[in-house]
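Structure first, commentary second.
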Amino acid sequence: MKEFRFTLIIILAAIGLSLYLLYPTYKTYQNDKKINQEIDTRKTEIMQASPDISKEDLDKKLRYVEDSLKAADPTYTSTKQKSLKLGLDLQGGMRVVLEVNTGKLLEKLAKSPDDVFKQAIAQAEKEGATTDESVVDIFARILQQKGIRLSRYFGSIRDDDSKIISDLKTDADDAVSRAMEIIRNRVDQYGVSEPSIQRQGGRRVIVELPGVAREEEAKQLLQGTALLEFKLVKDRDLTISIMQKIDNVLAGKGPSGDTTSTSSTADTNKSADTTLASNDTTEKQLSKEEFAKQHPFFSIAMIDPNSKLADAYVNQDEKDKLKLMLARPDVQAVIPDNVEFDFGAKPVGYQNGKGIYKLYCVNKEPELTGGVITDAQANIDPNTSSAVVNMQMNSEGATEWARITGANIGHRIAIILDGAVYSAPNVINKIPGGNSQITGMANLEEAKLLEIVLKAGALPAPVKIIEERTVGPSLGQDSIYAGFKSTLIGYFLIAIFMILYYRRAGSIAAVSLIFTILFILGVLAGFNATLTLPGIAGIILTIGMAVDANVLIYERIREELATGKTIKASVDSGFAKANSAIVDSNITTFLTGIILYQFGSGPVQGFALTLMIGIGASLFSALVIAKVVFNIMVTKGMKISLG
Amino acid sequence: MQLFENIHIDWLKRRKIFYAVSTALFLIGVFNVAFRGFQFGIDFKGGSEIVLQFDKAVDISKVRNYVENIGLGNIEIKTFGGETGAMVRTELQEIPANIYPRVVSNIDSTIHSFYPGLPLNKVDSTSNSITYEFSNPDTTTALATKLFTAGYQAGKVSEEPDNRRMIVNVGIADWVKENLKQRMPDNPFKVIKEDHVGPKVGKELKQDAVVAVIFSLLAILIYLAFRFKFIFALGAVLALFHDVLITLGLYAALYGVIPGLNLEIDLTVVAAFLTLVGYSVNDTVIVFDRVRENLKIHKTMPLMELINASVNRTMSRTILTGGTTLIATLVLLIFGGEVLRAFAFTLFFGIIIGTYSSIFVASALVLEYANRSKKKVQF
């Protein structure tokens, strides 16, 4: 046995690792089952309580139940993240390829678009729909043919065509970044788990939203233009008193709190103090649990007691929980009508790898919307060498802006894109001419992001959907079921065949086939890869092809036995001689797998991936596992039957 | 159990028969491709496809009736899965200009069903969206929500500061759904799958597919040329061409012949063809590996005899692996569901032809070449 110890350890490690990697998948399956059961019981409860509830209301309530169940258990999301991912075709969801509509963009950029211009744009768009040439180039060519210089519509009169073309191309490029940021922001707000937003080529964005059941809504999110608003941030005292009321309501004390805990600012500060400095040995020491019970809001939305600002800090895991809290009708009742809470778009920092988000309390009515912005640029200020963003407004906006800034010196104005706060700069003085400078960014990258956001208000990035694939959850469920059933049936048929044909050797092959499947799934889970329906087909196909290596080896051993060699010699030379055939034939299949992966998209890539992993796994099973089993049997003098 | 034990059949003597069989299959294929052509799915053609799942069993011919006269021209309707499923497909990218007014008036009347007599000011109208402007921003907000719940893709135009504009997107799929909802109020449906592929994307995918198949053949040619002699690589790749072309021919021949089997060329079918390439070369390599081994052992044996012996020796393995893989694809064909059917079908027949060609075509081609060049094949 000693000589096999090393191999056995490797095999056991591989099996153990695969099981370990697949455990979260099992756990998530159990969690989902539990949640679905809970939802079902709630559903019957609601139906009994109010039999003629409308379908929409019911869905809304159940969605709330689902969200709160998921938010209640923080391990739910982390387990799910580690589990085997299902492709859009299995769990349902949508995949959308968006392309920036260059024609529309040019129209927006042009100084005075006339009929000639519109005709040229229409023609360029038509041609661009079927060729790879950029619409800007086609458009420039059409105008050149008509003898019109581009400077008639773009740039200044002295610019020559080539400069304008390159500028326009930069603009088109920027539009893609803008579209991506807008989409990312909205998808984040929408709360889609594990969205994927990728840029493809020059002007395309691929968005994958798994498990989105409300496709229409999602489509709407992707296509509508972005809304940029400037809203006044509420003062510390007001914000804290609103938060205090919310906290009281959530703790079940009623909006003004009970007699022992008055809603005075002093008390609020105290509780806020305890929030952050819970190690502080002042006054009554509340344990974490006690504090969370008494102050459900402040235990999640933490306030810096030393800051002049009342921005609360919220851990990314608890964002959803807080949103649910704020959405409760009794909480809504204590929030003034003209005020709302908005989260920051990006985390301000990290704690244990989790993002910390700011929560702002702002005026509901915007002071100004982004339509008035004409341009924005991120720069490095040469004097202070810090990152700044310069923003220009049109005359209409500038007048308003002067009034707003003049009236709110010392206050903050939040820059909000589609409901997410990107920045909340302090107004230092009245800005009369419409040219503002925003400072305080940590680096140029942050400034660039703000530039993109500001421009999103000024210059929408018109996008159109050029490819869209939606799979409903029920079809996905059917596919999973069909795939699972096929895998089982396929496995049993082949296992039975192998056992009948090769007897004991065949059962070794049948068992190692189970390990092959286990390894494939383990590797998929470990590499965070996605299992698609064609991927399952790949597994089934692998089951059929995986026994090839066993068959090659067994046939060789039979041949060797036929020449009169001993069992040990036959097994040794059987494995050795089958090697080159196995390796060569599998490498060619692997090569096509690589090409398939390069060529394919989504589901097809999933197939290529399982095919390639399957080849690796089946080789391991046949050349390592089966071999060691044979060798052990030979050394132990056990009978090896090959049928 | 042991099949094909110690068989001694002179396959190569009979190679003329195999040439005839292959040529016949090939010609049938070419004939069908030329006269019947391929049916491409929307992946390659572009267009829109929606799959609907009705609550009750649905009569496809009725659905066809309802959808045929909504002005979308040639529209294709099929059952999908069981009898409650229907697939509607059209190659159109956007609603044709002549029926556009009908679509718009449909939206207008829906708006008026919520707000009778509301003045409809259309500020912009493109081929797939209409923008309305109302005098009161609250009306706009309320209306957008109402239209949206009614199934329209309506939303506010947020780029203008007054919030008075509403945009309604209308695509082919929306128009079909809207009509079916109105005509079949007693049998509601869910959309379980919706695909839309633009014309450019379809064209690109087609190019990619062709490039992928050529690249995989090239990659195999290079790898085998490196591992074996070039002539073996060439024989293997020619056999692959043979497999792919005959299976393609079968595709053209059987399209629409077998009920319930939708033989359209889409992305997964291309994946199946590439897998077929990978699998079939696998078989060929096994035979060649034996030839290579035997060439080293029996230096004086005539090539024909040597190849025959190699084919006979590997026959058992070839049939067995072909058999298990066939079982797997057959299971997939029967139980894998609607989405994978064409994929499984391609592999099923491809594997039969691939196995045949690895045994009879690839080695015959090598022999043919060796006979002509009078050179001795060696390693």
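Chain labels follow the order of the structure tokens: the first chain is A, the next B, and so on; residue numbering restarts at 1 in every chain, and ligands are counted from 1 in their shown order.
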
Would you list which chain A residues are within 6 Å of chain B using only C-alpha atoms, as a PDB file with N, CA and C atoms, in the first residue's frame?
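Saved the output as out.pdb:
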ATOM      1  N   THR A 130     -25.337  47.920 -40.996  1.00  0.00           N
ATOM      2  CA  THR A 130     -24.902  46.642 -41.565  1.00  0.00           C
ATOM      3  C   THR A 130     -23.386  46.541 -41.754  1.00  0.00           C
ATOM      4  N   THR A 225     -33.539  57.493 -20.235  1.00  0.00           N
ATOM      5  CA  THR A 225     -32.360  58.324 -20.049  1.00  0.00           C
ATOM      6  C   THR A 225     -32.180  58.631 -18.572  1.00  0.00           C
ATOM      7  N   LEU A 227     -31.501  60.452 -14.987  1.00  0.00           N
ATOM      8  CA  LEU A 227     -32.005  61.657 -14.330  1.00  0.00           C
ATOM      9  C   LEU A 227     -30.969  62.165 -13.335  1.00  0.00           C
ATOM     10  N   THR A 369     -32.322  70.311 -12.228  1.00  0.00           N
ATOM     11  CA  THR A 369     -32.015  69.013 -12.827  1.00  0.00           C
ATOM     12  C   THR A 369     -30.873  69.161 -13.820  1.00  0.00           C
ATOM     13  N   ILE A 466     -29.652  46.091 -29.127  1.00  0.00           N
ATOM     14  CA  ILE A 466     -29.472  45.423 -30.408  1.00  0.00           C
ATOM     15  C   ILE A 466     -29.576  43.910 -30.278  1.00  0.00           C
ATOM     16  N   GLU A 467     -29.491  43.416 -29.084  1.00  0.00           N
ATOM     17  CA  GLU A 467     -29.709  41.992 -28.915  1.00  0.00           C
ATOM     18  C   GLU A 467     -30.275  41.804 -27.522  1.00  0.00           C
ATOM     19  N   GLU A 468     -31.255  40.935 -27.426  1.00  0.00           N
ATOM     20  CA  GLU A 468     -31.898  40.784 -26.141  1.00  0.00           C
ATOM     21  C   GLU A 468     -32.357  39.346 -26.019  1.00  0.00           C
ATOM     22  N   ARG A 469     -32.029  38.733 -24.912  1.00  0.00           N
ATOM     23  CA  ARG A 469     -32.488  37.373 -24.682  1.00  0.00           C
ATOM     24  C   ARG A 469     -33.040  37.283 -23.277  1.00  0.00           C
ATOM     25  N   THR A 470     -34.263  36.864 -23.206  1.00  0.00           N
ATOM     26  CA  THR A 470     -34.897  36.756 -21.909  1.00  0.00           C
ATOM     27  C   THR A 470     -35.383  35.334 -21.723  1.00  0.00           C
ATOM     28  N   VAL A 471     -35.109  34.781 -20.572  1.00  0.00           N
ATOM     29  CA  VAL A 471     -35.629  33.458 -20.267  1.00  0.00           C
ATOM     30  C   VAL A 471     -36.423  33.562 -18.982  1.00  0.00           C
ATOM     31  N   GLY A 472     -37.656  33.136 -19.046  1.00  0.00           N
ATOM     32  CA  GLY A 472     -38.499  33.173 -17.856  1.00  0.00           C
ATOM     33  C   GLY A 472     -38.067  32.117 -16.867  1.00  0.00           C
ATOM     34  N   ALA A 482     -35.014  18.886 -16.795  1.00  0.00           N
ATOM     35  CA  ALA A 482     -34.695  18.037 -17.951  1.00  0.00           C
ATOM     36  C   ALA A 482     -33.220  17.647 -17.934  1.00  0.00           C
ATOM     37  N   GLY A 483     -32.366  18.625 -17.608  1.00  0.00           N
ATOM     38  CA  GLY A 483     -30.934  18.368 -17.588  1.00  0.00           C
ATOM     39  C   GLY A 483     -30.565  17.357 -16.523  1.00  0.00           C
ATOM     40  N   SER A 486     -31.797  13.901 -17.530  1.00  0.00           N
ATOM     41  CA  SER A 486     -30.959  13.330 -18.589  1.00  0.00           C
ATOM     42  C   SER A 486     -29.629  12.850 -18.042  1.00  0.00           C
ATOM     43  N   GLY A 490     -28.640   9.062 -18.349  1.00  0.00           N
ATOM     44  CA  GLY A 490     -27.427   8.822 -19.134  1.00  0.00           C
ATOM     45  C   GLY A 490     -26.396   8.064 -18.311  1.00  0.00           C
ATOM     46  N   TYR A 501     -20.436  -5.209 -19.714  1.00  0.00           N
ATOM     47  CA  TYR A 501     -19.411  -5.547 -20.694  1.00  0.00           C
ATOM     48  C   TYR A 501     -18.081  -5.911 -20.041  1.00  0.00           C
ATOM     49  N   LEU A 541     -22.607  14.598 -22.297  1.00  0.00           N
ATOM     50  CA  LEU A 541     -21.741  14.138 -23.375  1.00  0.00           C
ATOM     51  C   LEU A 541     -20.425  13.608 -22.800  1.00  0.00           C
ATOM     52  N   GLY A 544     -20.682  10.159 -21.653  1.00  0.00           N
ATOM     53  CA  GLY A 544     -20.561   9.223 -22.764  1.00  0.00           C
ATOM     54  C   GLY A 544     -19.130   9.050 -23.229  1.00  0.00           C
ATOM     55  N   MET A 545     -18.388  10.173 -23.265  1.00  0.00           N
ATOM     56  CA  MET A 545     -17.042  10.115 -23.830  1.00  0.00           C
ATOM     57  C   MET A 545     -15.995   9.737 -22.797  1.00  0.00           C
ATOM     58  N   ASP A 548     -14.371   6.463 -22.653  1.00  0.00           N
ATOM     59  CA  ASP A 548     -13.449   6.166 -23.749  1.00  0.00           C
ATOM     60  C   ASP A 548     -12.072   5.769 -23.238  1.00  0.00           C
ATOM     61  N   ALA A 581      -2.548   7.290 -27.171  1.00  0.00           N
ATOM     62  CA  ALA A 581      -3.831   7.429 -27.863  1.00  0.00           C
ATOM     63  C   ALA A 581      -4.767   8.317 -27.058  1.00  0.00           C
ATOM     64  N   SER A 585      -5.921  11.990 -28.509  1.00  0.00           N
ATOM     65  CA  SER A 585      -7.319  12.168 -28.893  1.00  0.00           C
ATOM     66  C   SER A 585      -7.994  13.207 -28.017  1.00  0.00           C
ATOM     67  N   THR A 589      -9.786  17.193 -28.919  1.00  0.00           N
ATOM     68  CA  THR A 589     -11.111  17.633 -28.464  1.00  0.00           C
ATOM     69  C   THR A 589     -10.984  18.897 -27.629  1.00  0.00           C
ATOM     70  N   THR A 592     -10.726  22.008 -29.815  1.00  0.00           N
ATOM     71  CA  THR A 592     -11.996  22.537 -30.300  1.00  0.00           C
ATOM     72  C   THR A 592     -12.763  23.197 -29.161  1.00  0.00           C
ATOM     73  N   GLY A 643     -14.528  -9.152 -18.020  1.00  0.00           N
ATOM     74  CA  GLY A 643     -15.680  -9.650 -18.751  1.00  0.00           C
ATOM     75  C   GLY A 643     -15.387 -10.921 -19.530  1.00  0.00           C
TER      76      GLY A 643
END

(message) Residues of range 27-93 of chain A classed as helix (DSSP H, G or I) by DSSP on the backbone are to be reported as a count of residues only.
(response) 54

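For the residues B:Leu27, B:Leu245, B:Leu365, B:Val58, ranking by smallest atom-to-atom distance to Phe189 in chain B using only C-alpha atoms places B:Val58 first.
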
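In this structure, CA of His112 in chain B sits 16.5 Å away from CA of Gln182 in chain B.
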
If you run DSSP on the backbone, which residues of range 119-187 of chain B are strand (DSSP E), as a tab-separated table (two decimals) with C-alpha atoms, in the first residue's frame?
chain	number	residue	atom	x	y	z
B	121	ASN	CA	-49.32	66.00	-28.06
B	122	LYS	CA	-46.75	63.79	-29.79
B	123	VAL	CA	-43.39	65.52	-29.74
B	124	ASP	CA	-41.29	62.76	-31.23
B	125	SER	CA	-41.95	59.57	-33.08
B	129	SER	CA	-40.88	54.78	-29.77
B	130	ILE	CA	-43.36	57.60	-29.41
B	131	THR	CA	-42.89	60.52	-27.07
B	132	TYR	CA	-45.91	62.31	-25.68
B	133	GLU	CA	-46.00	65.60	-23.86
B	153	GLN	CA	-43.14	49.87	-22.07
B	154	ALA	CA	-43.90	53.35	-20.95
B	155	GLY	CA	-41.72	55.63	-18.90
B	156	LYS	CA	-40.95	59.25	-18.23
B	165	ARG	CA	-42.91	63.89	-21.32
B	166	MET	CA	-43.60	60.20	-21.55
B	167	ILE	CA	-41.95	57.79	-23.92
B	168	VAL	CA	-43.57	54.56	-25.04
B	169	ASN	CA	-41.36	51.97	-26.68

(request) Identify which of the residues A:Ile148, A:Ile499, A:Ala537, A:Ile39 lies closest to Ile480 in chain A, counting only C-alpha atoms when measuring atom-to-atom distances. (result) A:Ala537

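Once Lys639 in chain A and its same-chain neighbours fewer than 5 positions away are set aside, Arg503, Arg504, Ala505, Ile567, Lys568, Phe630, Asn631, Ile632, Met633 and Val634 of chain A remain within 12 Å of it when counting only C-alpha atoms.
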
Selection file, N, CA and C atoms, as a PDB file, in the first residue's frame:
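Contents of part.pdb, freshly written:
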ATOM      1  N   ARG A 503     -17.574  -6.275 -16.497  1.00  0.00           N
ATOM      2  CA  ARG A 503     -17.714  -6.829 -15.139  1.00  0.00           C
ATOM      3  C   ARG A 503     -17.035  -5.952 -14.091  1.00  0.00           C
ATOM      4  N   ARG A 504     -16.096  -6.557 -13.324  1.00  0.00           N
ATOM      5  CA  ARG A 504     -15.530  -5.807 -12.209  1.00  0.00           C
ATOM      6  C   ARG A 504     -14.793  -4.555 -12.687  1.00  0.00           C
ATOM      7  N   ALA A 505     -14.028  -4.699 -13.760  1.00  0.00           N
ATOM      8  CA  ALA A 505     -13.323  -3.528 -14.297  1.00  0.00           C
ATOM      9  C   ALA A 505     -14.328  -2.456 -14.712  1.00  0.00           C
ATOM     10  N   ILE A 567      -1.078 -10.914 -15.086  1.00  0.00           N
ATOM     11  CA  ILE A 567      -2.037  -9.822 -14.884  1.00  0.00           C
ATOM     12  C   ILE A 567      -1.324  -8.519 -14.607  1.00  0.00           C
ATOM     13  N   LYS A 568      -0.324  -8.564 -13.718  1.00  0.00           N
ATOM     14  CA  LYS A 568       0.369  -7.336 -13.354  1.00  0.00           C
ATOM     15  C   LYS A 568       1.017  -6.690 -14.569  1.00  0.00           C
ATOM     16  N   PHE A 630      -6.704  -0.434  -9.810  1.00  0.00           N
ATOM     17  CA  PHE A 630      -6.183  -1.645 -10.461  1.00  0.00           C
ATOM     18  C   PHE A 630      -4.914  -2.130  -9.775  1.00  0.00           C
ATOM     19  N   ASN A 631      -3.999  -1.190  -9.548  1.00  0.00           N
ATOM     20  CA  ASN A 631      -2.722  -1.568  -8.956  1.00  0.00           C
ATOM     21  C   ASN A 631      -2.895  -2.166  -7.572  1.00  0.00           C
ATOM     22  N   ILE A 632      -3.796  -1.557  -6.789  1.00  0.00           N
ATOM     23  CA  ILE A 632      -4.035  -2.086  -5.446  1.00  0.00           C
ATOM     24  C   ILE A 632      -4.599  -3.506  -5.547  1.00  0.00           C
ATOM     25  N   MET A 633      -5.552  -3.669  -6.500  1.00  0.00           N
ATOM     26  CA  MET A 633      -6.143  -4.993  -6.661  1.00  0.00           C
ATOM     27  C   MET A 633      -5.098  -6.012  -7.082  1.00  0.00           C
ATOM     28  N   VAL A 634      -4.193  -5.583  -7.966  1.00  0.00           N
ATOM     29  CA  VAL A 634      -3.149  -6.506  -8.425  1.00  0.00           C
ATOM     30  C   VAL A 634      -2.222  -6.883  -7.276  1.00  0.00           C
TER      31      VAL A 634
END
